[in-house]
Amino acid sequence: MTVDGEVQRLRSEADEPGWEVDPDDEWGVAVVTTVGRQLKLRREAVGMRAGDFGKAVGYGEDLVYKIESGKRIPRPEYLDRADEVLGAGGLLAAMKDDVAKIRYPKKVRDLAQMEARAVEIGVYVCHSISGLLQTPEHARAAFESRQPPYSEEEVERMVAARMARQSIFDRDPAPAISFVLEEAPLRRPLGGTMAWRQQLERLLEVGRLRNVALQVMPTHREIHPGLDGKIEVLKFEDGTAVGRSDGAFNGRPISDPRHLRILELRYGTIRAQALPPGESLAFIEQLLGET
């Protein structure tokens, strides 16, 4: 088959790493299975063989079968092209919204759902900048630094998931959010000078929101109760709460009031030892001026 006079190269599984569905993600498996079944039914209804359909949409036959059997997550452009080739009138393309959600790892989706319901969020991060505050460039550089390295597809997938969580800043009514960041990560030019400047500017932008209190923990503080790692506490409208800490309860999410009091005590002490919000923003402005 030729396109514009050139041989079309059909996309194979090697071209799309990181698009497998997590077998432990029950909702994700159900969505991909349903989408795959609809694609197969539509293809068979028009009497098109998998190989011919694959050529029409630019995919290899093996990958078509895997998508139809619910073993692979179809790309948005795959659904758009399938809708056009099979004359589905927009019904297949409409499934992109559900498919987009399952691209994100289940634990990220679960966290995003809790953050979307929370009326109060408190976050302390020890070794990095909170994902809720990261720019796309900073997040990409952070993921690309991991060893063993992620594939490019996996990096883009995780960056997209991280950016999607930041929709909490657009909520109305807005939740009350507090952040405590360590000084050291703010001084690290992750991604290069331009990306570093953009990240500092983003911190100033978010830190000036009326519903946000952003604080910096100075490096010269000899000791504080967050040295074990991240602490996050989310409180909900019905009075319930959930928390997590790298250094407590094996890092698992907890909702027991006794355990939550421990995390709230630690987080409250950390906030008391950090610079006040006004001084913290002034400190970040100073860093930005030094870049």
# chains A, B, ... in the order shown; residues from 1 in each chain; ligands from 1

$ select_by_dssp --residues "region 138-243 of chain A" --states "strand (DSSP E)" --output "list in words"
Ala176, Ile177, Ser178, Phe179, Val180, Leu181, Glu182, Val212, Ala213, Leu214, Gln215, Val216, Met217, Ile231, Glu232, Val233, Leu234, Lys235, Phe236, Ala241, Val242 and Gly243 of chain A

$ residues_around --residues "Gln198 (chain A)" --least-positions-apart "5" --cutoff "10 Å" --atoms "only C-alpha atoms" --output "list of chain:residue names"
A:Gln134, A:Thr135, A:Pro136, A:Glu137, A:His138, A:Thr193, A:Leu203, A:Leu204, A:Leu288

$ residues_around --residues "region 38-51 of chain A" --least-positions-apart "5" --cutoff "7 Å" --atoms "only C-alpha atoms" --output "PyMOL selection string"
chain A and resi 61+64+68+86

$ write_last_selection --atoms "all heavy atoms" --output "mmCIF file, in the first residue's frame"
data_model
loop_
_atom_site.group_PDB
_atom_site.id
_atom_site.type_symbol
_atom_site.label_atom_id
_atom_site.label_comp_id
_atom_site.auth_asym_id
_atom_site.auth_seq_id
_atom_site.Cartn_x
_atom_site.Cartn_y
_atom_site.Cartn_z
ATOM 1 N N GLU A 61 -1.381 -6.124 11.561
ATOM 2 C CA GLU A 61 -2.506 -7.010 11.887
ATOM 3 C C GLU A 61 -2.433 -7.525 13.321
ATOM 4 O O GLU A 61 -3.456 -7.606 14.018
ATOM 5 C CB GLU A 61 -2.530 -8.188 10.911
ATOM 6 C CG GLU A 61 -3.727 -9.110 11.082
ATOM 7 C CD GLU A 61 -3.780 -10.169 10.004
ATOM 8 O OE1 GLU A 61 -2.950 -10.119 9.064
ATOM 9 O OE2 GLU A 61 -4.637 -11.073 10.097
ATOM 10 N N VAL A 64 -3.711 -4.925 15.681
ATOM 11 C CA VAL A 64 -5.174 -4.812 15.570
ATOM 12 C C VAL A 64 -5.843 -5.886 16.417
ATOM 13 O O VAL A 64 -6.788 -5.604 17.185
ATOM 14 C CB VAL A 64 -5.628 -4.940 14.101
ATOM 15 C CG1 VAL A 64 -7.160 -5.073 14.018
ATOM 16 C CG2 VAL A 64 -5.156 -3.735 13.300
ATOM 17 N N GLU A 68 -8.281 -5.360 19.695
ATOM 18 C CA GLU A 68 -9.643 -5.895 19.683
ATOM 19 C C GLU A 68 -9.876 -6.922 20.783
ATOM 20 O O GLU A 68 -11.013 -7.103 21.237
ATOM 21 C CB GLU A 68 -9.946 -6.521 18.318
ATOM 22 C CG GLU A 68 -10.043 -5.497 17.202
ATOM 23 C CD GLU A 68 -10.434 -6.097 15.864
ATOM 24 O OE1 GLU A 68 -10.425 -7.344 15.744
ATOM 25 O OE2 GLU A 68 -10.744 -5.332 14.939
ATOM 26 N N LEU A 86 -14.469 2.838 9.311
ATOM 27 C CA LEU A 86 -15.628 1.965 9.513
ATOM 28 C C LEU A 86 -16.956 2.707 9.439
ATOM 29 O O LEU A 86 -18.011 2.099 9.616
ATOM 30 C CB LEU A 86 -15.504 1.252 10.870
ATOM 31 C CG LEU A 86 -14.251 0.389 11.049
ATOM 32 C CD1 LEU A 86 -14.202 -0.214 12.453
ATOM 33 C CD2 LEU A 86 -14.204 -0.712 10.002
#

$ closest_residue --among "A:Glu232, A:Asp97, A:Glu279, A:Glu144" --to "Met158 (chain A)" --atoms "only C-alpha atoms"
A:Glu144

$ closest_residue --among "A:Met194, A:Lys66, A:Thr291, A:Ile231" --to "Leu265 (chain A)" --atoms "only C-alpha atoms"
A:Ile231

$ closest_residue --among "A:Leu275, A:Leu200, A:Val32, A:Val57" --to "Ile129 (chain A)" --atoms "only C-alpha atoms"
A:Leu200

$ closest_residue --among "A:Arg271, A:Arg188, A:Arg261, A:Arg208" --to "Pro225 (chain A)" --atoms "only C-alpha atoms"
A:Arg271

$ closest_residue --among "A:Trp19, A:Tyr267, A:Phe283, A:Phe169" --to "Gly229 (chain A)" --atoms "only C-alpha atoms"
A:Tyr267

$ residues_around --residues "Pro277 (chain A)" --least-positions-apart "6" --cutoff "6 Å" --atoms "only C-alpha atoms" --output "number ranges by chain"
A: 213-215

$ write_last_selection --atoms "C-alpha atoms" --output "mmCIF file, in the first residue's frame"
data_model
loop_
_atom_site.group_PDB
_atom_site.id
_atom_site.type_symbol
_atom_site.label_atom_id
_atom_site.label_comp_id
_atom_site.auth_asym_id
_atom_site.auth_seq_id
_atom_site.Cartn_x
_atom_site.Cartn_y
_atom_site.Cartn_z
ATOM 1 C CA ALA A 213 -0.035 28.551 51.243
ATOM 2 C CA LEU A 214 3.425 27.650 49.949
ATOM 3 C CA GLN A 215 6.334 27.396 52.387
#
